[in-house]
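What follows is one structure encoded as structure tokens, with my remarks underneath.
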Amino acid sequence: MMEGSDQDFSGAEATSANVRRAVQYWLDKSTIHILPRWILFSVVLLLFFLRIYLVQSHFIVAYGLGIFLLNNFILFLSPLDDPRDAGGGGDDGLSLPSTAKQGKEYRPFARRLPEFKFWMACTRGSGTALVMTLFSLFDVPVFWPILLMYFGVLFFMTMRRQIGHMIKHKYVPISFGKHKPKAAGKETGEYGG
């Protein structure tokens with residue numbers, strides 16, 4: 001009888017491993033498809049807000065999701081090595097420039113939370129919040145206008161601090177690729193244009 005239960009457990013482990021492998025395969029295939037991934041997130045978020053609107057409850061879940069998304073967005077905008085950290089002065093080439101000479105050389109912006117992980121966390125959080133609206137356990141009675149106002153103030157204060165940090169340390173969290181000189185792509189000389 002013990003051997004049979006061990007086989008069942010081994011079969012369950014194998015099935016679980018196959019499911020995880022299949023999910024990871026499709027996640028790996030989706031890394032290059034940025035727009036469809038964000039469309040999927042938008043659809044899940046829209047379904048969540050539609051569910052909140054239709055049932056007129058679970059406002060605390062919506063507030064929690066808003067805080068979670070705001071936290072992930074701040075991590076997405078933040079540099080990998082924060083210049084405010086006193087002990088984070090490693091010279092691995094990923095830190096923000098500290099001198100004028102370093103500021104002139106081009107380095108891509110290294111995020112604390114990469115885009116794919118940002119998308120993954122936001123999609124999982126929205127899906128989890130959508131599932132939470134199916135259970136009355138998570139329907140805590142609250143006065144939603146106060147939550148909305150508090151979230152607005154929190155969003156404003158957090159973004160003001162983040163934008164101030166970006167201005168103070170002179171970084172832009174949006175990177176459009178490698179910097180090209182003005183004459184890049186134009187051929188001059190004996191064989192050029």
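Labels used: A, B, ... for chains in the order of the structure tokens, numbers from 1 for residues in each chain, and numbers from 1 for ligands as shown.
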Contact residues around stretch 70-81 of chain A with only C-alpha atoms at 6 Å, ignoring same-chain residues under 6 positions, as a list in words | Ser95, Ala110, Arg111, Arg112, Leu113 and Pro173 of chain A
Could you turn the residues from that selection into a file that holds N, CA and C atoms, as a compact mmCIF listing (two decimals), in the first residue's frame?
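Printed below is part.txt as written:
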# COMPACT_ATOMS: atom_id res chain seq x y z
N SER A 95 25.96 51.34 -12.05
CA SER A 95 25.52 52.42 -11.18
C SER A 95 25.30 53.70 -11.99
N ALA A 110 19.72 50.51 -16.08
CA ALA A 110 19.49 49.19 -15.47
C ALA A 110 18.41 49.34 -14.41
N ARG A 111 17.29 48.68 -14.62
CA ARG A 111 16.14 48.80 -13.72
C ARG A 111 16.26 47.87 -12.53
N ARG A 112 15.62 48.29 -11.44
CA ARG A 112 15.53 47.42 -10.28
C ARG A 112 14.56 46.27 -10.56
N LEU A 113 13.51 46.53 -11.33
CA LEU A 113 12.55 45.50 -11.72
C LEU A 113 12.45 45.52 -13.24
N PRO A 173 14.40 56.81 -16.98
CA PRO A 173 14.18 55.36 -16.97
C PRO A 173 13.73 54.79 -18.31
Give me the residues within 10 Å of A:Ile67 as a PDB file with N, CA and C atoms, in the first residue's frame, counting only C-alpha atoms and dropping any in the same chain fewer than 5 places off.
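Writing the result to result21.pdb gives the following:
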ATOM      1  N   VAL A  61     -10.060  45.113  -1.933  1.00  0.00           N
ATOM      2  CA  VAL A  61      -9.211  44.335  -2.843  1.00  0.00           C
ATOM      3  C   VAL A  61      -8.688  45.242  -3.953  1.00  0.00           C
ATOM      4  N   ALA A  62      -9.551  46.120  -4.454  1.00  0.00           N
ATOM      5  CA  ALA A  62      -9.128  47.066  -5.493  1.00  0.00           C
ATOM      6  C   ALA A  62      -8.064  48.018  -4.945  1.00  0.00           C
ATOM      7  N   ASN A  72       5.073  48.194  -7.678  1.00  0.00           N
ATOM      8  CA  ASN A  72       5.801  47.607  -8.800  1.00  0.00           C
ATOM      9  C   ASN A  72       6.223  48.674  -9.809  1.00  0.00           C
ATOM     10  N   PHE A  73       5.383  49.670 -10.027  1.00  0.00           N
ATOM     11  CA  PHE A  73       5.716  50.741 -10.964  1.00  0.00           C
ATOM     12  C   PHE A  73       6.913  51.550 -10.462  1.00  0.00           C
ATOM     13  N   PHE A 151      -5.653  56.798  -1.929  1.00  0.00           N
ATOM     14  CA  PHE A 151      -4.796  56.263  -2.978  1.00  0.00           C
ATOM     15  C   PHE A 151      -4.303  57.389  -3.894  1.00  0.00           C
ATOM     16  N   LEU A 154      -1.570  59.224  -2.057  1.00  0.00           N
ATOM     17  CA  LEU A 154      -0.393  58.359  -1.999  1.00  0.00           C
ATOM     18  C   LEU A 154       0.314  58.299  -3.353  1.00  0.00           C
ATOM     19  N   PHE A 155      -0.458  58.187  -4.435  1.00  0.00           N
ATOM     20  CA  PHE A 155       0.113  58.152  -5.780  1.00  0.00           C
ATOM     21  C   PHE A 155       0.832  59.464  -6.087  1.00  0.00           C
TER      22      PHE A 155
END
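Coordinates place atom CA of A:Tyr171 at a distance of 28.5 Å from atom CA of A:Gly125.
If only C-alpha atoms are the atoms counted, then among A:Leu47, A:Ile60, A:Leu40, A:Leu65 the closest residue to A:Val142 is A:Ile60.
Atom CA of A:Ala121 lies 15.4 Å from atom CA of A:Phe48.
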Taking only C-alpha atoms into account, which of A:Ser42, A:Ser57, A:Thr15, A:Gln162 comes nearest A:Thr123?
-> A:Ser42
